[in-house]
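Engineer: Structure file work.txt (compact mmCIF, C-alpha atoms) is given on the next line.
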```
# COMPACT_ATOMS: atom_id res chain seq x y z
CA MET A 829 18.77 -56.80 -31.55
CA ARG A 830 16.00 -56.31 -29.00
CA LYS A 831 18.51 -54.66 -26.69
CA GLN A 832 19.55 -52.21 -29.40
CA HIS A 833 15.91 -51.29 -30.00
CA LEU A 834 15.41 -50.74 -26.33
CA ILE A 835 18.44 -48.44 -26.08
CA LEU A 836 17.28 -46.53 -29.17
CA ALA A 837 13.78 -46.12 -27.72
CA LEU A 838 15.21 -44.89 -24.41
CA LEU A 839 17.47 -42.45 -26.23
CA LEU A 840 14.60 -41.09 -28.33
CA THR A 841 12.39 -40.77 -25.26
CA THR A 842 15.09 -38.85 -23.38
CA VAL A 843 15.80 -36.49 -26.29
CA GLY A 844 12.08 -36.00 -26.96
CA SER A 845 11.19 -35.25 -23.38
CA HIS A 846 14.11 -32.86 -23.09
CA ALA A 847 12.93 -31.01 -26.22
CA LEU A 848 9.37 -30.87 -24.85
CA MET A 849 10.62 -29.53 -21.53
CA ARG A 850 12.67 -26.87 -23.29
CA LYS A 851 9.64 -25.86 -25.37
CA ALA A 852 7.42 -25.71 -22.31
CA HIS A 853 10.03 -23.66 -20.48
CA ALA A 854 10.32 -21.30 -23.46
CA GLU A 855 6.54 -20.88 -23.52
CA ASN A 856 6.41 -20.12 -19.80
CA ALA A 857 9.47 -17.86 -19.81
CA PRO A 858 8.58 -14.19 -19.34
CA ARG A 859 8.68 -12.05 -22.42
CA HIS A 860 11.60 -9.64 -22.29
CA ILE A 861 10.90 -6.06 -23.37
CA GLU A 862 13.29 -3.13 -23.29
CA VAL A 863 12.00 0.43 -23.19
CA THR A 864 14.22 3.49 -23.36
CA ALA A 865 13.11 6.66 -21.62
CA LYS A 866 14.45 10.10 -22.42
CA ARG A 867 13.06 13.62 -22.26
CA PHE A 868 10.20 13.56 -23.33
CA GLY A 869 9.28 10.17 -24.77
CA PHE A 870 9.57 6.39 -24.61
CA GLU A 871 11.10 4.18 -27.29
CA PRO A 872 9.20 2.17 -28.43
CA ALA A 873 6.15 4.36 -27.81
CA GLU A 874 3.73 1.49 -28.34
CA ILE A 875 3.86 -2.20 -27.37
CA THR A 876 1.46 -5.13 -27.59
CA LEU A 877 1.27 -7.92 -25.00
CA LYS A 878 -0.88 -10.98 -24.48
CA LYS A 879 -3.19 -11.22 -21.51
CA GLY A 880 -1.75 -13.67 -18.99
CA GLU A 881 1.72 -13.64 -20.56
CA PRO A 882 4.41 -12.82 -17.96
CA VAL A 883 6.63 -9.91 -18.91
CA ASP A 884 10.05 -8.65 -17.84
CA LEU A 885 10.05 -4.98 -18.69
CA VAL A 886 13.43 -3.29 -18.58
CA LEU A 887 13.35 0.50 -18.41
CA LYS A 888 16.51 2.36 -19.38
CA SER A 889 17.11 6.06 -19.01
CA THR A 890 19.51 7.89 -21.28
CA ASP A 891 19.29 11.19 -19.43
CA VAL A 892 17.51 12.16 -16.19
CA SER A 893 15.39 10.08 -13.79
CA HIS A 894 12.17 8.75 -15.25
CA GLY A 895 9.39 6.31 -14.43
CA LEU A 896 6.70 4.35 -16.21
CA ARG A 897 3.33 3.78 -14.65
CA PHE A 898 0.19 1.95 -15.76
CA ARG A 899 -2.26 2.71 -12.99
CA GLU A 900 -4.90 0.21 -14.18
CA LEU A 901 -2.37 -2.64 -14.31
CA ASN A 902 -0.75 -1.72 -11.01
CA VAL A 903 2.64 -1.35 -12.67
CA ASP A 904 5.09 1.37 -11.63
CA VAL A 905 8.81 1.29 -12.29
CA LYS A 906 11.27 4.11 -11.67
CA VAL A 907 14.77 4.50 -13.03
CA GLY A 908 17.57 6.81 -11.93
CA LYS A 909 19.59 9.15 -14.12
CA GLY A 910 21.21 7.06 -16.88
CA GLY A 911 20.26 3.82 -15.11
CA THR A 912 18.31 0.63 -15.71
CA SER A 913 15.41 -0.87 -13.75
CA GLU A 914 13.26 -3.92 -14.25
CA VAL A 915 9.69 -4.78 -13.40
CA HIS A 916 7.93 -8.16 -13.70
CA PHE A 917 4.21 -8.30 -14.30
CA THR A 918 1.49 -10.28 -15.98
CA PRO A 919 -1.24 -8.19 -17.63
CA ASN A 920 -4.60 -9.52 -16.49
CA LEU A 921 -6.83 -7.07 -18.35
CA THR A 922 -7.30 -6.56 -22.08
CA GLY A 923 -7.50 -3.16 -23.70
CA THR A 924 -5.30 -0.19 -24.46
CA PHE A 925 -3.58 1.45 -21.52
CA VAL A 926 -1.62 4.67 -21.54
CA GLY A 927 1.44 4.68 -19.31
CA HIS A 928 2.94 7.93 -18.09
CA CYS A 929 6.31 8.97 -16.81
CA SER A 930 5.97 8.76 -13.02
CA VAL A 931 9.00 10.86 -12.08
CA PHE A 932 8.77 14.57 -12.80
CA CYS A 933 11.37 15.22 -15.50
CA GLY A 934 10.73 18.71 -16.84
CA SER A 935 8.45 20.85 -18.97
CA GLY A 936 7.28 18.06 -21.30
CA HIS A 937 6.86 15.46 -18.55
CA GLY A 938 3.06 15.37 -18.91
CA SER A 939 3.23 14.44 -22.57
CA MET A 940 5.60 11.50 -22.03
CA THR A 941 3.45 8.44 -22.69
CA LEU A 942 3.69 4.81 -23.77
CA LYS A 943 0.68 3.02 -25.24
CA LEU A 944 0.26 -0.60 -24.18
CA HIS A 945 -2.15 -2.89 -26.02
CA VAL A 946 -3.11 -6.08 -24.17
CA VAL A 947 -4.82 -8.66 -26.37
CA ASP A 948 -6.31 -12.12 -25.78
CA MET B 979 2.14 74.00 -25.80
CA GLN B 980 1.21 73.55 -22.12
CA ARG B 981 -1.44 70.94 -23.08
CA ILE B 982 1.11 68.96 -25.05
CA ALA B 983 3.46 68.97 -22.04
CA TYR B 984 0.68 67.69 -19.73
CA PHE B 985 -0.20 65.00 -22.26
CA ALA B 986 3.44 63.91 -22.56
CA LEU B 987 3.73 63.78 -18.75
CA ALA B 988 0.56 61.69 -18.51
CA VAL B 989 1.89 59.24 -21.11
CA LEU B 990 5.17 58.97 -19.22
CA LEU B 991 3.38 58.27 -15.92
CA LEU B 992 0.96 55.77 -17.40
CA PRO B 993 3.23 52.70 -17.16
CA ALA B 994 4.00 53.50 -13.52
CA ILE B 995 0.30 53.77 -12.66
CA GLY B 996 -0.63 50.73 -14.74
CA CYS B 997 2.04 48.54 -13.22
CA LYS B 998 1.30 49.39 -9.62
CA ALA B 999 0.07 46.29 -7.81
CA ASN B 1000 -2.64 47.34 -5.39
CA PRO B 1001 -4.62 44.71 -3.51
CA PRO B 1002 -8.03 44.36 -5.17
CA SER B 1003 -10.97 45.91 -3.32
CA GLY B 1004 -13.77 43.78 -1.85
CA ILE B 1005 -16.13 44.54 -4.70
CA GLU B 1006 -13.45 43.80 -7.34
CA THR B 1007 -12.79 40.45 -5.67
CA ARG B 1008 -16.51 39.55 -5.61
CA ILE B 1009 -17.06 40.51 -9.25
CA VAL B 1010 -14.03 38.60 -10.48
CA SER B 1011 -14.85 35.58 -8.32
CA THR B 1012 -18.42 35.41 -9.66
CA ALA B 1013 -17.21 35.83 -13.24
CA LYS B 1014 -14.65 33.04 -12.83
CA HIS B 1015 -17.02 30.58 -11.18
CA HIS B 1016 -19.91 31.12 -13.58
CA PHE B 1017 -18.45 32.29 -16.90
CA PHE B 1018 -14.71 31.93 -17.43
CA VAL B 1019 -13.72 28.64 -15.82
CA GLY B 1020 -15.12 25.77 -17.87
CA ASN B 1021 -15.45 22.02 -17.43
CA ARG B 1022 -17.96 22.37 -14.60
CA LYS B 1023 -19.56 18.96 -15.09
CA GLN B 1024 -16.58 16.65 -15.57
CA LYS B 1025 -16.15 14.16 -12.73
CA ASN B 1026 -12.83 13.05 -11.27
CA PRO B 1027 -12.11 9.56 -12.67
CA LEU B 1028 -9.88 8.77 -9.68
CA ALA B 1029 -11.31 7.53 -6.40
CA ALA B 1030 -10.10 9.27 -3.26
CA THR B 1031 -7.88 6.64 -1.66
CA PRO B 1032 -4.83 7.23 0.57
CA ASP B 1033 -2.63 6.21 -2.40
CA SER B 1034 -4.25 8.51 -4.95
CA ILE B 1035 -4.25 11.46 -2.53
CA SER B 1036 -0.59 10.76 -1.83
CA ASP B 1037 0.04 10.74 -5.62
CA GLY B 1038 -1.62 14.14 -5.75
CA ARG B 1039 0.54 15.50 -2.98
CA GLU B 1040 3.63 14.22 -4.83
CA ALA B 1041 2.60 15.83 -8.15
CA PHE B 1042 1.64 19.03 -6.31
CA SER B 1043 5.13 19.18 -4.82
CA HIS B 1044 6.70 19.28 -8.30
CA TYR B 1045 4.69 22.00 -9.94
CA CYS B 1046 2.47 23.89 -7.49
CA MET B 1047 4.48 24.03 -4.28
CA ALA B 1048 6.67 26.99 -5.27
CA CYS B 1049 3.67 29.36 -5.21
CA HIS B 1050 1.14 27.52 -3.04
CA GLY B 1051 3.43 25.98 -0.39
CA MET B 1052 3.46 22.29 0.48
CA ASP B 1053 0.09 22.54 2.20
CA GLY B 1054 -1.66 24.51 -0.56
CA GLN B 1055 -2.14 27.33 1.91
CA ASN B 1056 0.92 29.42 0.99
CA THR B 1057 2.88 28.47 4.11
CA GLY B 1058 6.42 29.79 3.74
CA VAL B 1059 5.85 31.37 0.30
CA PRO B 1060 7.44 34.81 0.73
CA PHE B 1061 5.66 36.57 -2.15
CA ALA B 1062 2.19 35.03 -1.80
CA ASP B 1063 0.50 38.14 -0.41
CA ARG B 1064 2.55 40.59 -2.48
CA MET B 1065 1.12 39.53 -5.80
CA SER B 1066 -1.92 41.19 -7.31
CA PRO B 1067 -4.19 39.39 -6.89
CA PRO B 1068 -2.54 37.62 -3.93
CA VAL B 1069 -1.97 33.86 -4.22
CA PRO B 1070 -5.18 32.36 -2.79
CA SER B 1071 -5.25 29.72 -0.12
CA LEU B 1072 -6.42 26.58 -1.89
CA ALA B 1073 -8.36 25.66 1.24
CA SER B 1074 -10.42 28.87 0.93
CA HIS B 1075 -14.14 28.79 0.22
CA ASP B 1076 -13.56 30.59 -3.09
CA VAL B 1077 -11.32 27.76 -4.37
CA GLN B 1078 -13.16 24.85 -2.78
CA GLU B 1079 -16.39 26.10 -4.36
CA TYR B 1080 -15.14 25.09 -7.81
CA THR B 1081 -16.28 21.69 -9.02
CA ASP B 1082 -13.62 18.99 -9.55
CA GLY B 1083 -13.90 19.56 -13.31
CA GLN B 1084 -13.32 23.29 -12.88
CA LEU B 1085 -10.26 22.70 -10.68
CA LYS B 1086 -8.90 20.41 -13.40
CA TRP B 1087 -9.58 23.18 -15.97
CA VAL B 1088 -7.77 25.79 -13.85
CA ILE B 1089 -4.74 23.53 -13.46
CA ASP B 1090 -4.77 22.71 -17.19
CA TYR B 1091 -5.10 26.24 -18.53
CA GLY B 1092 -4.24 28.59 -15.66
CA ILE B 1093 -6.09 31.79 -14.89
CA TRP B 1094 -5.20 34.88 -16.86
CA PRO B 1095 -4.24 37.57 -15.88
CA SER B 1096 -3.37 36.22 -12.42
CA GLY B 1097 0.01 34.54 -12.04
CA MET B 1098 -1.53 31.04 -12.29
CA PRO B 1099 0.06 29.20 -15.24
CA GLY B 1100 -1.44 26.22 -17.06
CA ALA B 1101 0.11 22.80 -16.44
CA LYS B 1102 -1.25 20.91 -19.46
CA GLY B 1103 1.62 18.98 -21.05
CA THR B 1104 3.86 19.55 -18.06
CA LEU B 1105 1.71 17.27 -15.93
CA CYS B 1106 -0.37 14.43 -17.34
CA ASP B 1107 -4.14 14.16 -16.83
CA ASP B 1108 -3.67 11.42 -14.25
CA GLU B 1109 -1.40 13.63 -12.14
CA ILE B 1110 -3.73 16.63 -12.47
CA TRP B 1111 -6.73 14.60 -11.32
CA SER B 1112 -4.70 13.33 -8.38
CA ILE B 1113 -3.84 16.95 -7.51
CA VAL B 1114 -7.58 17.73 -7.51
CA LEU B 1115 -7.97 14.94 -4.94
CA TYR B 1116 -5.17 16.42 -2.87
CA LEU B 1117 -6.85 19.84 -3.00
CA ARG B 1118 -9.98 18.25 -1.53
CA HIS B 1119 -7.92 16.69 1.27
CA LEU B 1120 -5.42 19.40 2.17
CA PRO B 1121 -3.56 18.99 5.45
CA PRO B 1122 -3.86 21.61 8.22
CA ALA B 1123 -2.08 24.89 7.35
CA GLY B 1124 1.57 24.79 8.30
CA SER B 1125 1.58 21.09 9.14
CA LEU B 1126 4.02 20.22 6.33
CA GLY B 1127 6.47 23.05 6.99
CA GLU B 1128 7.68 25.37 4.27
CA PRO B 1129 9.17 24.56 0.85
CA GLU B 1130 12.84 23.72 1.17
CA MET B 1131 13.74 26.21 -1.58
CA TYR B 1132 12.77 29.08 0.73
CA SER B 1133 14.67 27.75 3.75
CA HIS B 1134 18.19 28.43 2.48
```
Can you present the structure in this file as structure tokens?
Structural biologist:
Amino acid sequence: MRKQHLILALLLTTVGSHALMRKAHAENAPRHIEVTAKRFGFEPAEITLKKGEPVDLVLKSTDVSHGLRFRELNVDVKVGKGGTSEVHFTPNLTGTFVGHCSVFCGSGHGSMTLKLHVVD
Amino acid sequence: MQRIAYFALAVLLLPAIGCKANPPSGIETRIVSTAKHHFFVGNRKQKNPLAATPDSISDGREAFSHYCMACHGMDGQNTGVPFADRMSPPVPSLASHDVQEYTDGQLKWVIDYGIWPSGMPGAKGTLCDDEIWSIVLYLRHLPPAGSLGEPEMYSH
């Protein structure tokens, strides 16, 4: 009987620790965000992130070459015509930052923006 | 009848006279320059939010190469631009005293809105504020004339 209890306790401990590890891993895993760029806008045009939360930002182009740059956050990713690029970063400042297309893409290039809110 | 014929001839010749592109005289240049610097070009007091670092000046050079190079050359001094001195008024060297005398805010204003009736178009919306401010930095740190060669589009 004591042996059965011991096995049960070991089993519960193993399952529990595994679940905790998975949770911790999920909490530390970078947040995955996809942004589509096309002349002359980003979709979504606004995103909110947490300060200190690692992010995988995937930038997809559906037409010509584009880029996305947040000067204050030291983030700059460029993507070729119809391609996909990825950038990893962890926002370390709070506030609202306006990202711009960093690859000249035509007459409306200057109005191509993405608003990024970083909150505590 | 003769007066009507003279009048008709004058009307016919008017477009030809009006469209002729003569280089402006010295006094015309001085008057227009004073008017631009003191009355027409706004935003005199706005400061450049970007610090002049090698990276930000390089950003300016990159943005300049997309929108400004065709008329101002890669060096901002019209190197290799075949029509620069044939326009009226001629395309100015951006290293000239007349251009460098503008404040940073005024240079931003000129790039945003252009200068009518010269050939200078506004870039607002085509370039973002960040790029335009970086171009202002580049204008303050232009390379020696001719050092960057001529725009590739004029080499073919």
Engineer: Using all atoms listed in the file, which chain B residues lie at most 7 Å away from chain A, written as a list in words?
Structural biologist: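 My answer is His1044, Gly1103, Thr1104, Leu1105 and Cys1106 of chain B.
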Engineer: Considering all atoms listed in the file, return as a list of chain:residue names whatever protein or nucleic-acid residues lie within 10 Å of A:His916, sequence-local ones (same chain, fewer than 5 positions apart) excluded.
Structural biologist: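 After dropping sequence-adjacent residues, the list is A:Pro858, A:Arg859, A:His860, A:Pro882, A:Val883, A:Asp884, A:Leu885, A:Val886, A:Val903, A:Val905.
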Engineer: I'd like the box whose edges run along x, y and z of the file and which contains every listed atom of stretch 1031-1042 of chain B, padded by 5 Å per side; could you state its centre and edge lengths in Å, one decimal, as JSON?
Structural biologist:
```
{"center_x": -2.1, "center_y": 12.6, "center_z": -3.8, "size_x": 21.5, "size_y": 22.8, "size_z": 18.7}
```
Engineer: Kindly give the distance, in Å, that separates atom CA of B:Thr1012 and atom CA of B:Tyr1116, rounded to a single decimal.
Structural biologist: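 Between atom CA of B:Thr1012 and atom CA of B:Tyr1116 the gap works out to 24.1 Å.
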Engineer: My list of candidates is B:Lys1086, B:Lys1025, B:Arg1008, B:Arg981. Which is closest to B:Ala1101 when distances are computed with all atoms listed in the file?
Structural biologist: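 Looking only at the distances to B:Ala1101, the closest residue turns out to be B:Lys1086.
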Engineer: In Å, with one decimal, what is the gap from atom CA of B:Gln1024 to atom CA of B:Val1114?
Structural biologist: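 Value for the atom CA of B:Gln1024-atom CA of B:Val1114 distance: 12.1 Å.
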Engineer: Return the single residue from A:Leu877, A:Leu887, A:Leu901, A:Ile835 that is closest to A:Val946, with distances computed using all atoms listed in the file.
Structural biologist: A:Leu877
Engineer: Neighbouring residues of B:Leu1028 were defined as those with any atom within 12 Å, considering only C-alpha atoms; residues of the same chain fewer than 5 positions away were excluded. Please report them as a count of residues only.
Structural biologist: 18
Engineer: Reconstruct stretch 1032-1043 of chain B at the level of N, CA and C atoms, and format the result as a PDB file, in the coordinates of the input.
Structural biologist:
```pdb
ATOM      1  N   PRO B1032      -6.090   6.684   0.023  1.00  0.00           N
ATOM      2  CA  PRO B1032      -4.830   7.230   0.570  1.00  0.00           C
ATOM      3  C   PRO B1032      -3.723   7.267  -0.492  1.00  0.00           C
ATOM      4  N   ASP B1033      -3.670   6.244  -1.367  1.00  0.00           N
ATOM      5  CA  ASP B1033      -2.630   6.210  -2.400  1.00  0.00           C
ATOM      6  C   ASP B1033      -2.809   7.320  -3.425  1.00  0.00           C
ATOM      7  N   SER B1034      -4.052   7.505  -3.903  1.00  0.00           N
ATOM      8  CA  SER B1034      -4.250   8.510  -4.950  1.00  0.00           C
ATOM      9  C   SER B1034      -4.082   9.933  -4.394  1.00  0.00           C
ATOM     10  N   ILE B1035      -4.461  10.139  -3.137  1.00  0.00           N
ATOM     11  CA  ILE B1035      -4.250  11.460  -2.530  1.00  0.00           C
ATOM     12  C   ILE B1035      -2.750  11.715  -2.342  1.00  0.00           C
ATOM     13  N   SER B1036      -2.042  10.647  -1.976  1.00  0.00           N
ATOM     14  CA  SER B1036      -0.590  10.760  -1.830  1.00  0.00           C
ATOM     15  C   SER B1036       0.068  11.051  -3.188  1.00  0.00           C
ATOM     16  N   ASP B1037      -0.452  10.431  -4.260  1.00  0.00           N
ATOM     17  CA  ASP B1037       0.040  10.740  -5.620  1.00  0.00           C
ATOM     18  C   ASP B1037      -0.156  12.227  -5.910  1.00  0.00           C
ATOM     19  N   GLY B1038      -1.325  12.738  -5.508  1.00  0.00           N
ATOM     20  CA  GLY B1038      -1.620  14.140  -5.750  1.00  0.00           C
ATOM     21  C   GLY B1038      -0.671  15.058  -5.005  1.00  0.00           C
ATOM     22  N   ARG B1039      -0.388  14.691  -3.783  1.00  0.00           N
ATOM     23  CA  ARG B1039       0.540  15.500  -2.980  1.00  0.00           C
ATOM     24  C   ARG B1039       1.931  15.505  -3.624  1.00  0.00           C
ATOM     25  N   GLU B1040       2.330  14.335  -4.157  1.00  0.00           N
ATOM     26  CA  GLU B1040       3.630  14.220  -4.830  1.00  0.00           C
ATOM     27  C   GLU B1040       3.669  15.103  -6.078  1.00  0.00           C
ATOM     28  N   ALA B1041       2.633  15.015  -6.919  1.00  0.00           N
ATOM     29  CA  ALA B1041       2.600  15.830  -8.150  1.00  0.00           C
ATOM     30  C   ALA B1041       2.531  17.318  -7.796  1.00  0.00           C
ATOM     31  N   PHE B1042       1.765  17.645  -6.766  1.00  0.00           N
ATOM     32  CA  PHE B1042       1.640  19.030  -6.310  1.00  0.00           C
ATOM     33  C   PHE B1042       3.010  19.581  -5.917  1.00  0.00           C
ATOM     34  N   SER B1043       3.824  18.722  -5.301  1.00  0.00           N
ATOM     35  CA  SER B1043       5.130  19.180  -4.820  1.00  0.00           C
ATOM     36  C   SER B1043       6.090  19.498  -5.958  1.00  0.00           C
TER      37      SER B1043
END
```
